[in-house]
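Shown next: final_7.pdb, given as PDB, N, CA and C atoms.
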```pdb
ATOM      1  N   MET N 234      84.625 123.474 113.893  1.00  0.00           N
ATOM      2  CA  MET N 234      85.828 122.997 114.540  1.00  0.00           C
ATOM      3  C   MET N 234      85.461 122.112 115.723  1.00  0.00           C
ATOM      4  N   MET N 235      86.289 121.134 115.970  1.00  0.00           N
ATOM      5  CA  MET N 235      86.053 120.202 117.069  1.00  0.00           C
ATOM      6  C   MET N 235      86.277 120.916 118.394  1.00  0.00           C
ATOM      7  N   ASP N 236      85.466 120.597 119.355  1.00  0.00           N
ATOM      8  CA  ASP N 236      85.597 121.162 120.688  1.00  0.00           C
ATOM      9  C   ASP N 236      86.482 120.248 121.529  1.00  0.00           C
ATOM     10  N   PHE N 237      87.713 120.641 121.749  1.00  0.00           N
ATOM     11  CA  PHE N 237      88.643 119.829 122.522  1.00  0.00           C
ATOM     12  C   PHE N 237      88.404 119.965 124.019  1.00  0.00           C
ATOM     13  N   GLU N 238      87.592 120.940 124.423  1.00  0.00           N
ATOM     14  CA  GLU N 238      87.271 121.109 125.836  1.00  0.00           C
ATOM     15  C   GLU N 238      86.650 119.842 126.417  1.00  0.00           C
ATOM     16  N   GLU N 239      85.876 119.146 125.606  1.00  0.00           N
ATOM     17  CA  GLU N 239      85.234 117.904 126.044  1.00  0.00           C
ATOM     18  C   GLU N 239      86.288 116.902 126.513  1.00  0.00           C
ATOM     19  N   TYR N 240      87.366 116.782 125.776  1.00  0.00           N
ATOM     20  CA  TYR N 240      88.435 115.854 126.148  1.00  0.00           C
ATOM     21  C   TYR N 240      89.219 116.373 127.350  1.00  0.00           C
ATOM     22  N   ILE N 241      89.424 117.680 127.407  1.00  0.00           N
ATOM     23  CA  ILE N 241      90.209 118.268 128.493  1.00  0.00           C
ATOM     24  C   ILE N 241      89.483 118.098 129.829  1.00  0.00           C
ATOM     25  N   ARG N 242      88.160 118.178 129.810  1.00  0.00           N
ATOM     26  CA  ARG N 242      87.374 118.047 131.045  1.00  0.00           C
ATOM     27  C   ARG N 242      87.210 116.599 131.488  1.00  0.00           C
ATOM     28  N   GLN N 243      87.437 115.664 130.608  1.00  0.00           N
ATOM     29  CA  GLN N 243      87.246 114.251 130.951  1.00  0.00           C
ATOM     30  C   GLN N 243      88.205 113.819 132.047  1.00  0.00           C
ATOM     31  N   GLY N 244      87.822 112.796 132.755  1.00  0.00           N
ATOM     32  CA  GLY N 244      88.642 112.304 133.852  1.00  0.00           C
ATOM     33  C   GLY N 244      89.860 111.511 133.429  1.00  0.00           C
ATOM     34  N   GLU N 245      89.904 111.059 132.172  1.00  0.00           N
ATOM     35  CA  GLU N 245      91.037 110.242 131.731  1.00  0.00           C
ATOM     36  C   GLU N 245      92.246 111.135 131.438  1.00  0.00           C
ATOM     37  N   PRO N 246      93.315 110.986 132.209  1.00  0.00           N
ATOM     38  CA  PRO N 246      94.479 111.870 132.045  1.00  0.00           C
ATOM     39  C   PRO N 246      95.075 111.886 130.639  1.00  0.00           C
ATOM     40  N   GLN N 247      95.150 110.721 129.990  1.00  0.00           N
ATOM     41  CA  GLN N 247      95.752 110.682 128.657  1.00  0.00           C
ATOM     42  C   GLN N 247      94.930 111.481 127.654  1.00  0.00           C
ATOM     43  N   LYS N 248      93.628 111.329 127.701  1.00  0.00           N
ATOM     44  CA  LYS N 248      92.769 112.081 126.782  1.00  0.00           C
ATOM     45  C   LYS N 248      92.849 113.572 127.076  1.00  0.00           C
ATOM     46  N   ARG N 249      92.901 113.917 128.345  1.00  0.00           N
ATOM     47  CA  ARG N 249      92.993 115.330 128.731  1.00  0.00           C
ATOM     48  C   ARG N 249      94.290 115.946 128.196  1.00  0.00           C
ATOM     49  N   GLU N 250      95.398 115.253 128.401  1.00  0.00           N
ATOM     50  CA  GLU N 250      96.696 115.761 127.945  1.00  0.00           C
ATOM     51  C   GLU N 250      96.752 115.880 126.420  1.00  0.00           C
ATOM     52  N   LYS N 251      96.265 114.864 125.738  1.00  0.00           N
ATOM     53  CA  LYS N 251      96.270 114.893 124.269  1.00  0.00           C
ATOM     54  C   LYS N 251      95.341 115.985 123.744  1.00  0.00           C
ATOM     55  N   GLY N 252      94.169 116.125 124.353  1.00  0.00           N
ATOM     56  CA  GLY N 252      93.225 117.168 123.943  1.00  0.00           C
ATOM     57  C   GLY N 252      93.815 118.552 124.114  1.00  0.00           C
ATOM     58  N   TYR N 253      94.484 118.765 125.234  1.00  0.00           N
ATOM     59  CA  TYR N 253      95.112 120.056 125.489  1.00  0.00           C
ATOM     60  C   TYR N 253      96.232 120.322 124.480  1.00  0.00           C
ATOM     61  N   ALA N 254      97.029 119.303 124.196  1.00  0.00           N
ATOM     62  CA  ALA N 254      98.132 119.469 123.240  1.00  0.00           C
ATOM     63  C   ALA N 254      97.607 119.818 121.843  1.00  0.00           C
ATOM     64  N   TRP N 255      96.560 119.116 121.390  1.00  0.00           N
ATOM     65  CA  TRP N 255      95.992 119.412 120.073  1.00  0.00           C
ATOM     66  C   TRP N 255      95.362 120.803 120.053  1.00  0.00           C
ATOM     67  N   GLN N 256      94.650 121.147 121.118  1.00  0.00           N
ATOM     68  CA  GLN N 256      94.017 122.465 121.179  1.00  0.00           C
ATOM     69  C   GLN N 256      95.075 123.572 121.109  1.00  0.00           C
ATOM     70  N   THR N 257      96.177 123.370 121.807  1.00  0.00           N
ATOM     71  CA  THR N 257      97.265 124.346 121.787  1.00  0.00           C
ATOM     72  C   THR N 257      97.879 124.457 120.395  1.00  0.00           C
ATOM     73  N   ALA N 258      98.165 123.322 119.776  1.00  0.00           N
ATOM     74  CA  ALA N 258      98.774 123.327 118.440  1.00  0.00           C
ATOM     75  C   ALA N 258      97.863 124.006 117.421  1.00  0.00           C
ATOM     76  N   ILE N 259      96.584 123.704 117.484  1.00  0.00           N
ATOM     77  CA  ILE N 259      95.638 124.302 116.548  1.00  0.00           C
ATOM     78  C   ILE N 259      95.490 125.797 116.824  1.00  0.00           C
ATOM     79  N   GLY N 260      95.516 126.170 118.090  1.00  0.00           N
ATOM     80  CA  GLY N 260      95.456 127.585 118.450  1.00  0.00           C
ATOM     81  C   GLY N 260      96.648 128.361 117.911  1.00  0.00           C
ATOM     82  N   LEU N 261      97.819 127.752 117.945  1.00  0.00           N
ATOM     83  CA  LEU N 261      99.018 128.407 117.400  1.00  0.00           C
ATOM     84  C   LEU N 261      98.904 128.590 115.892  1.00  0.00           C
ATOM     85  N   GLN N 262      98.306 127.622 115.221  1.00  0.00           N
ATOM     86  CA  GLN N 262      98.075 127.760 113.777  1.00  0.00           C
ATOM     87  C   GLN N 262      97.151 128.940 113.513  1.00  0.00           C
ATOM     88  N   ASP N 263      96.124 129.061 114.328  1.00  0.00           N
ATOM     89  CA  ASP N 263      95.146 130.140 114.182  1.00  0.00           C
ATOM     90  C   ASP N 263      95.798 131.500 114.405  1.00  0.00           C
ATOM     91  N   VAL N 264      96.677 131.594 115.392  1.00  0.00           N
ATOM     92  CA  VAL N 264      97.385 132.848 115.668  1.00  0.00           C
ATOM     93  C   VAL N 264      98.193 133.276 114.447  1.00  0.00           C
ATOM     94  N   ASP N 265      98.758 132.315 113.753  1.00  0.00           N
ATOM     95  CA  ASP N 265      99.545 132.608 112.543  1.00  0.00           C
ATOM     96  C   ASP N 265      98.670 132.816 111.314  1.00  0.00           C
ATOM     97  N   GLY N 266      97.358 132.748 111.497  1.00  0.00           N
ATOM     98  CA  GLY N 266      96.442 132.961 110.374  1.00  0.00           C
ATOM     99  C   GLY N 266      96.297 131.748 109.474  1.00  0.00           C
ATOM    100  N   LEU N 267      96.704 130.584 109.951  1.00  0.00           N
ATOM    101  CA  LEU N 267      96.622 129.361 109.158  1.00  0.00           C
ATOM    102  C   LEU N 267      95.342 128.612 109.492  1.00  0.00           C
ATOM    103  N   LYS N 268      94.691 128.113 108.484  1.00  0.00           N
ATOM    104  CA  LYS N 268      93.454 127.362 108.667  1.00  0.00           C
ATOM    105  C   LYS N 268      93.769 125.874 108.635  1.00  0.00           C
ATOM    106  N   ILE N 269      93.163 125.148 109.524  1.00  0.00           N
ATOM    107  CA  ILE N 269      93.370 123.700 109.555  1.00  0.00           C
ATOM    108  C   ILE N 269      92.248 123.007 108.791  1.00  0.00           C
ATOM    109  N   SER N 270      92.519 121.800 108.387  1.00  0.00           N
ATOM    110  CA  SER N 270      91.530 121.048 107.614  1.00  0.00           C
ATOM    111  C   SER N 270      90.657 120.198 108.529  1.00  0.00           C
ATOM    112  N   GLU N 271      89.529 119.783 107.998  1.00  0.00           N
ATOM    113  CA  GLU N 271      88.663 118.846 108.712  1.00  0.00           C
ATOM    114  C   GLU N 271      89.400 117.520 108.894  1.00  0.00           C
ATOM    115  N   TYR N 272      90.268 117.196 107.949  1.00  0.00           N
ATOM    116  CA  TYR N 272      91.035 115.961 108.045  1.00  0.00           C
ATOM    117  C   TYR N 272      91.939 115.991 109.279  1.00  0.00           C
ATOM    118  N   LEU N 273      92.598 117.101 109.526  1.00  0.00           N
ATOM    119  CA  LEU N 273      93.460 117.217 110.696  1.00  0.00           C
ATOM    120  C   LEU N 273      92.635 117.021 111.968  1.00  0.00           C
ATOM    121  N   LEU N 274      91.461 117.598 112.016  1.00  0.00           N
ATOM    122  CA  LEU N 274      90.600 117.432 113.188  1.00  0.00           C
ATOM    123  C   LEU N 274      90.209 115.971 113.392  1.00  0.00           C
ATOM    124  N   LYS N 275      89.945 115.289 112.286  1.00  0.00           N
ATOM    125  CA  LYS N 275      89.592 113.856 112.347  1.00  0.00           C
ATOM    126  C   LYS N 275      90.765 113.051 112.914  1.00  0.00           C
ATOM    127  N   ILE N 276      91.960 113.342 112.437  1.00  0.00           N
ATOM    128  CA  ILE N 276      93.156 112.639 112.902  1.00  0.00           C
ATOM    129  C   ILE N 276      93.410 112.959 114.378  1.00  0.00           C
ATOM    130  N   ALA N 277      93.231 114.204 114.762  1.00  0.00           N
ATOM    131  CA  ALA N 277      93.420 114.598 116.165  1.00  0.00           C
ATOM    132  C   ALA N 277      92.482 113.800 117.063  1.00  0.00           C
ATOM    133  N   LYS N 278      91.236 113.675 116.659  1.00  0.00           N
ATOM    134  CA  LYS N 278      90.263 112.924 117.449  1.00  0.00           C
ATOM    135  C   LYS N 278      90.675 111.457 117.557  1.00  0.00           C
ATOM    136  N   GLU N 279      91.125 110.863 116.452  1.00  0.00           N
ATOM    137  CA  GLU N 279      91.566 109.467 116.482  1.00  0.00           C
ATOM    138  C   GLU N 279      92.734 109.291 117.449  1.00  0.00           C
ATOM    139  N   HIS N 280      93.642 110.260 117.467  1.00  0.00           N
ATOM    140  CA  HIS N 280      94.792 110.192 118.367  1.00  0.00           C
ATOM    141  C   HIS N 280      94.353 110.347 119.825  1.00  0.00           C
ATOM    142  N   ILE N 281      93.522 111.320 120.093  1.00  0.00           N
ATOM    143  CA  ILE N 281      93.054 111.543 121.462  1.00  0.00           C
ATOM    144  C   ILE N 281      92.337 110.310 121.990  1.00  0.00           C
ATOM    145  N   GLU N 282      91.548 109.689 121.152  1.00  0.00           N
ATOM    146  CA  GLU N 282      90.769 108.531 121.578  1.00  0.00           C
ATOM    147  C   GLU N 282      91.583 107.239 121.607  1.00  0.00           C
ATOM    148  N   GLY N 283      92.857 107.317 121.211  1.00  0.00           N
ATOM    149  CA  GLY N 283      93.740 106.162 121.310  1.00  0.00           C
ATOM    150  C   GLY N 283      93.652 105.181 120.160  1.00  0.00           C
ATOM    151  N   ARG N 284      92.995 105.566 119.081  1.00  0.00           N
ATOM    152  CA  ARG N 284      92.883 104.650 117.935  1.00  0.00           C
ATOM    153  C   ARG N 284      94.161 104.638 117.100  1.00  0.00           C
ATOM    154  N   ILE N 285      94.935 105.720 117.154  1.00  0.00           N
ATOM    155  CA  ILE N 285      96.234 105.773 116.473  1.00  0.00           C
ATOM    156  C   ILE N 285      97.232 106.456 117.404  1.00  0.00           C
ATOM    157  N   ASP N 286      98.515 106.174 117.189  1.00  0.00           N
ATOM    158  CA  ASP N 286      99.530 106.846 118.001  1.00  0.00           C
ATOM    159  C   ASP N 286      99.998 108.117 117.292  1.00  0.00           C
ATOM    160  N   MET N 287     100.864 108.872 117.957  1.00  0.00           N
ATOM    161  CA  MET N 287     101.304 110.159 117.411  1.00  0.00           C
ATOM    162  C   MET N 287     102.080 109.984 116.113  1.00  0.00           C
ATOM    163  N   ASN N 288     102.866 108.924 116.003  1.00  0.00           N
ATOM    164  CA  ASN N 288     103.617 108.705 114.760  1.00  0.00           C
ATOM    165  C   ASN N 288     102.676 108.482 113.580  1.00  0.00           C
ATOM    166  N   ALA N 289     101.614 107.716 113.799  1.00  0.00           N
ATOM    167  CA  ALA N 289     100.634 107.485 112.736  1.00  0.00           C
ATOM    168  C   ALA N 289      99.915 108.788 112.387  1.00  0.00           C
ATOM    169  N   ALA N 290      99.576 109.572 113.407  1.00  0.00           N
ATOM    170  CA  ALA N 290      98.912 110.854 113.169  1.00  0.00           C
ATOM    171  C   ALA N 290      99.805 111.771 112.328  1.00  0.00           C
ATOM    172  N   LYS N 291     101.050 111.859 112.705  1.00  0.00           N
ATOM    173  CA  LYS N 291     102.002 112.712 111.983  1.00  0.00           C
ATOM    174  C   LYS N 291     102.147 112.260 110.532  1.00  0.00           C
ATOM    175  N   THR N 292     102.302 110.966 110.329  1.00  0.00           N
ATOM    176  CA  THR N 292     102.471 110.427 108.975  1.00  0.00           C
ATOM    177  C   THR N 292     101.248 110.701 108.116  1.00  0.00           C
ATOM    178  N   ARG N 293     100.072 110.440 108.656  1.00  0.00           N
ATOM    179  CA  ARG N 293      98.841 110.664 107.887  1.00  0.00           C
ATOM    180  C   ARG N 293      98.662 112.130 107.510  1.00  0.00           C
ATOM    181  N   ILE N 294      98.962 113.016 108.441  1.00  0.00           N
ATOM    182  CA  ILE N 294      98.816 114.449 108.167  1.00  0.00           C
ATOM    183  C   ILE N 294      99.831 114.899 107.119  1.00  0.00           C
ATOM    184  N   GLN N 295     101.071 114.440 107.235  1.00  0.00           N
ATOM    185  CA  GLN N 295     102.095 114.801 106.251  1.00  0.00           C
ATOM    186  C   GLN N 295     101.701 114.337 104.856  1.00  0.00           C
ATOM    187  N   ILE N 296     101.260 113.107 104.740  1.00  0.00           N
ATOM    188  CA  ILE N 296     100.858 112.566 103.433  1.00  0.00           C
ATOM    189  C   ILE N 296      99.691 113.358 102.870  1.00  0.00           C
ATOM    190  N   TYR N 297      98.714 113.676 103.700  1.00  0.00           N
ATOM    191  CA  TYR N 297      97.538 114.433 103.264  1.00  0.00           C
ATOM    192  C   TYR N 297      97.944 115.782 102.670  1.00  0.00           C
ATOM    193  N   TYR N 298      98.782 116.522 103.389  1.00  0.00           N
ATOM    194  CA  TYR N 298      99.161 117.848 102.908  1.00  0.00           C
ATOM    195  C   TYR N 298     100.127 117.787 101.727  1.00  0.00           C
ATOM    196  N   GLU N 299     100.970 116.760 101.658  1.00  0.00           N
ATOM    197  CA  GLU N 299     101.847 116.597 100.494  1.00  0.00           C
ATOM    198  C   GLU N 299     101.020 116.339  99.233  1.00  0.00           C
ATOM    199  N   LYS N 300      99.993 115.511  99.344  1.00  0.00           N
ATOM    200  CA  LYS N 300      99.122 115.240  98.209  1.00  0.00           C
ATOM    201  C   LYS N 300      98.384 116.507  97.764  1.00  0.00           C
ATOM    202  N   ARG N 301      97.979 117.309  98.711  1.00  0.00           N
ATOM    203  CA  ARG N 301      97.274 118.550  98.380  1.00  0.00           C
ATOM    204  C   ARG N 301      98.199 119.528  97.643  1.00  0.00           C
ATOM    205  N   LYS N 302      99.479 119.539  98.005  1.00  0.00           N
ATOM    206  CA  LYS N 302     100.439 120.408  97.324  1.00  0.00           C
ATOM    207  C   LYS N 302     100.595 120.005  95.861  1.00  0.00           C
ATOM    208  N   VAL N 303     100.655 118.701  95.604  1.00  0.00           N
ATOM    209  CA  VAL N 303     100.833 118.165  94.264  1.00  0.00           C
ATOM    210  C   VAL N 303      99.611 118.503  93.398  1.00  0.00           C
ATOM    211  N   CYS N 304      98.436 118.468  93.983  1.00  0.00           N
ATOM    212  CA  CYS N 304      97.186 118.703  93.239  1.00  0.00           C
ATOM    213  C   CYS N 304      96.983 120.171  92.864  1.00  0.00           C
ATOM    214  N   ARG N 305      97.703 121.057  93.470  1.00  0.00           N
ATOM    215  CA  ARG N 305      97.506 122.488  93.213  1.00  0.00           C
ATOM    216  C   ARG N 305      98.208 122.950  91.991  1.00  0.00           C
TER
END
```
Structure encoded using C-alpha coordinates:
Amino acid sequence: MMDFEEYIRQGEPQKREKGYAWQTAIGLQDVDGLKISEYLLKIAKEHIEGRIDMNAAKTRIQIYYEKRKVCR
(Lines of atoms letter the chains of each structure in order from A and count residues from 1; the text may use other names and numbers.)
(Lines give C-alpha, C1' and ligand atoms only; values in the text may rest on other atoms or scores of the structure.)
Protein backbone atom coordinates (compact mmCIF):
# COMPACT_ATOMS: atom_id res chain seq x y z
CA MET A 1 0.00 0.00 0.00
CA MET A 2 1.13 3.53 -0.73
CA ASP A 3 2.38 5.54 2.21
CA PHE A 4 0.36 8.75 2.23
CA GLU A 5 2.30 10.02 5.24
CA GLU A 6 4.97 11.23 2.80
CA TYR A 7 2.46 13.60 1.21
CA ILE A 8 0.95 14.65 4.54
CA ARG A 9 4.37 15.66 5.90
CA GLN A 10 5.29 17.66 2.81
CA GLY A 11 5.25 21.42 2.97
CA GLU A 12 2.86 21.84 0.04
CA PRO A 13 -0.62 22.41 1.52
CA GLN A 14 -2.52 21.00 -1.46
CA LYS A 15 -0.58 17.74 -1.45
CA ARG A 16 -0.94 17.47 2.32
CA GLU A 17 -4.71 17.98 2.18
CA LYS A 18 -5.18 15.56 -0.72
CA GLY A 19 -2.93 12.95 0.92
CA TYR A 20 -4.88 13.18 4.16
CA ALA A 21 -8.21 12.91 2.33
CA TRP A 22 -7.11 9.80 0.40
CA GLN A 23 -5.62 8.22 3.51
CA THR A 24 -8.89 8.79 5.37
CA ALA A 25 -11.03 7.40 2.54
CA ILE A 26 -8.86 4.31 2.21
CA GLY A 27 -8.86 3.84 5.98
CA LEU A 28 -12.67 3.88 5.99
CA GLN A 29 -12.68 1.19 3.31
CA ASP A 30 -10.36 -0.89 5.47
CA VAL A 31 -12.61 -0.47 8.52
CA ASP A 32 -15.47 -1.90 6.45
CA GLY A 33 -13.28 -4.84 5.45
CA LEU A 34 -13.00 -3.68 1.83
CA LYS A 35 -9.75 -4.08 -0.05
CA ILE A 36 -8.62 -1.40 -2.45
CA SER A 37 -6.88 -2.04 -5.73
CA GLU A 38 -3.41 -1.03 -6.83
CA TYR A 39 -5.18 0.94 -9.55
CA LEU A 40 -6.96 3.09 -6.96
CA LEU A 41 -3.62 3.81 -5.29
CA LYS A 42 -2.14 4.81 -8.65
CA ILE A 43 -5.04 7.18 -9.31
CA ALA A 44 -4.78 8.63 -5.79
CA LYS A 45 -1.10 9.38 -6.35
CA GLU A 46 -1.83 11.06 -9.70
CA HIS A 47 -4.46 13.23 -8.01
CA ILE A 48 -2.25 14.16 -5.07
CA GLU A 49 0.57 15.10 -7.40
CA GLY A 50 -1.76 17.29 -9.47
CA ARG A 51 -1.59 15.30 -12.70
CA ILE A 52 -5.38 14.79 -12.69
CA ASP A 53 -8.25 16.52 -10.93
CA MET A 54 -10.80 14.88 -8.63
CA ASN A 55 -13.40 14.54 -11.39
CA ALA A 56 -10.93 12.63 -13.57
CA ALA A 57 -9.94 10.45 -10.60
CA LYS A 58 -13.57 9.65 -9.84
CA THR A 59 -14.37 8.84 -13.47
CA ARG A 60 -11.34 6.58 -13.92
CA ILE A 61 -12.07 4.67 -10.72
CA GLN A 62 -15.75 4.23 -11.59
CA ILE A 63 -14.92 2.92 -15.07
CA TYR A 64 -12.28 0.55 -13.66
CA TYR A 65 -14.64 -1.03 -11.14
CA GLU A 66 -17.57 -1.17 -13.60
CA LYS A 67 -15.38 -3.11 -16.04
CA ARG A 68 -14.33 -5.49 -13.28
CA LYS A 69 -18.00 -6.17 -12.44
CA VAL A 70 -18.75 -7.07 -16.07
CA CYS A 71 -15.76 -9.45 -16.23
CA ARG A 72 -16.89 -11.46 -13.22
(message) Taking the DSSP secondary structure from the backbone, can you list the residues of chain N that are alpha helix (DSSP H), as a VMD selection string?
(response) chain N and resid 238 to 242 246 to 264 271 to 281 287 to 304
* For the structure shown, which residues end up in the PyMOL selection byres ((chain N and resi 252) around 8)? Put them as a ChimeraX atom specification, please? => /N:236-242,246-251,253-258,277,280-282
Pairwise distance, atom C of Lys291 (chain N) with atom C of Ile276 (chain N), equals 9.6 Å
message = Can you pull out the residues contacting region 292-294 of chain N? Cut-off 8 Å, using all atoms listed in the file, and skip same-chain residues under 6 positions away; I want them as a PyMOL selection string.
response = chain N and resi 272-273+276+286+300
Return as AutoDock Vina command-line options the centre and edge lengths, in Å with one decimal, of the box along x, y and z that encloses every atom of region 286-296 of chain N in the file, padded by 8 Å per side.
```
--center_x 101.1 --center_y 110.5 --center_z 110.4 --size_x 21.1 --size_y 24.7 --size_z 31.1
```
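Here atom N of Gln295 (chain N) is placed at a distance of 12.6 Å from CA of Lys275 (chain N).
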- Message: Please compute the atom N of Val303 (chain N)-atom C of Gly283 (chain N) distance, one decimal, in Å.
- Response: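 Taking atom N of Val303 (chain N) as the start and atom C of Gly283 (chain N) as the end point, the length is 28.9 Å.
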- Task: Check the smallest atom-to-atom distance from each of N:Ile269, N:Ile285, N:Val264, N:Ile259 to Tyr297 (chain N) using only C-alpha atoms, then report the winner.
- Result: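 Of N:Ile269, N:Ile285, N:Val264, N:Ile259, the one nearest Tyr297 (chain N), counting only C-alpha atoms, is N:Ile269.
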Please fill the gaps in region 242-253 of chain N so it has all heavy atoms, and write that as a short mmCIF file (atom, residue, chain, number, x, y, z; two decimals), in the frame of the given file.
```cif
data_model
loop_
_atom_site.label_atom_id
_atom_site.label_comp_id
_atom_site.auth_asym_id
_atom_site.auth_seq_id
_atom_site.Cartn_x
_atom_site.Cartn_y
_atom_site.Cartn_z
N ARG N 242 88.16 118.18 129.81
CA ARG N 242 87.37 118.05 131.04
C ARG N 242 87.21 116.60 131.49
O ARG N 242 86.86 116.35 132.64
CB ARG N 242 85.99 118.67 130.84
CG ARG N 242 85.99 120.16 130.88
CD ARG N 242 84.58 120.68 130.96
NE ARG N 242 83.79 120.31 129.80
CZ ARG N 242 83.52 121.10 128.77
NH1 ARG N 242 83.96 122.34 128.77
NH2 ARG N 242 82.80 120.68 127.76
N GLN N 243 87.44 115.66 130.61
CA GLN N 243 87.25 114.25 130.95
C GLN N 243 88.20 113.82 132.05
O GLN N 243 89.27 114.38 132.21
CB GLN N 243 87.45 113.36 129.73
CG GLN N 243 86.30 113.41 128.77
CD GLN N 243 86.48 112.39 127.65
OE1 GLN N 243 87.43 111.61 127.64
NE2 GLN N 243 85.56 112.41 126.71
N GLY N 244 87.82 112.80 132.76
CA GLY N 244 88.64 112.30 133.85
C GLY N 244 89.86 111.51 133.43
O GLY N 244 90.76 111.32 134.21
N GLU N 245 89.90 111.06 132.17
CA GLU N 245 91.04 110.24 131.73
C GLU N 245 92.25 111.14 131.44
O GLU N 245 92.21 111.95 130.52
CB GLU N 245 90.67 109.45 130.49
CG GLU N 245 89.57 108.44 130.71
CD GLU N 245 89.21 107.70 129.45
OE1 GLU N 245 90.12 107.10 128.85
OE2 GLU N 245 88.03 107.74 129.07
N PRO N 246 93.32 110.99 132.21
CA PRO N 246 94.48 111.87 132.04
C PRO N 246 95.08 111.89 130.64
O PRO N 246 95.45 112.94 130.14
CB PRO N 246 95.49 111.33 133.06
CG PRO N 246 94.68 110.57 134.05
CD PRO N 246 93.48 110.04 133.29
N GLN N 247 95.15 110.72 129.99
CA GLN N 247 95.75 110.68 128.66
C GLN N 247 94.93 111.48 127.65
O GLN N 247 95.48 112.22 126.83
CB GLN N 247 95.93 109.25 128.17
CG GLN N 247 97.06 108.54 128.86
CD GLN N 247 97.28 107.16 128.28
OE1 GLN N 247 96.42 106.58 127.65
NE2 GLN N 247 98.48 106.63 128.50
N LYS N 248 93.63 111.33 127.70
CA LYS N 248 92.77 112.08 126.78
C LYS N 248 92.85 113.57 127.08
O LYS N 248 92.86 114.40 126.17
CB LYS N 248 91.32 111.61 126.86
CG LYS N 248 91.09 110.28 126.19
CD LYS N 248 89.62 109.92 126.18
CE LYS N 248 89.38 108.60 125.49
NZ LYS N 248 87.95 108.25 125.47
N ARG N 249 92.90 113.92 128.34
CA ARG N 249 92.99 115.33 128.73
C ARG N 249 94.29 115.95 128.20
O ARG N 249 94.28 117.02 127.60
CB ARG N 249 92.91 115.46 130.25
CG ARG N 249 92.92 116.90 130.73
CD ARG N 249 92.70 117.05 132.23
NE ARG N 249 93.46 116.11 133.03
CZ ARG N 249 92.92 115.17 133.80
NH1 ARG N 249 91.62 115.02 133.86
NH2 ARG N 249 93.69 114.37 134.52
N GLU N 250 95.40 115.25 128.40
CA GLU N 250 96.70 115.76 127.94
C GLU N 250 96.75 115.88 126.42
O GLU N 250 97.23 116.88 125.89
CB GLU N 250 97.82 114.85 128.44
CG GLU N 250 98.04 114.94 129.93
CD GLU N 250 99.05 113.91 130.43
OE1 GLU N 250 99.83 113.39 129.62
OE2 GLU N 250 99.03 113.64 131.64
N LYS N 251 96.26 114.86 125.74
CA LYS N 251 96.27 114.89 124.27
C LYS N 251 95.34 115.98 123.74
O LYS N 251 95.68 116.69 122.80
CB LYS N 251 95.86 113.54 123.70
CG LYS N 251 96.89 112.45 123.92
CD LYS N 251 96.35 111.11 123.43
CE LYS N 251 97.29 109.98 123.70
NZ LYS N 251 96.74 108.69 123.24
N GLY N 252 94.17 116.12 124.35
CA GLY N 252 93.22 117.17 123.94
C GLY N 252 93.82 118.55 124.11
O GLY N 252 93.70 119.41 123.24
N TYR N 253 94.48 118.76 125.23
CA TYR N 253 95.11 120.06 125.49
C TYR N 253 96.23 120.32 124.48
O TYR N 253 96.35 121.43 123.95
CB TYR N 253 95.66 120.11 126.92
CG TYR N 253 96.28 121.44 127.25
CD1 TYR N 253 95.49 122.57 127.46
CD2 TYR N 253 97.66 121.58 127.33
CE1 TYR N 253 96.05 123.79 127.73
CE2 TYR N 253 98.23 122.80 127.62
CZ TYR N 253 97.43 123.90 127.81
OH TYR N 253 98.00 125.12 128.09
#
```
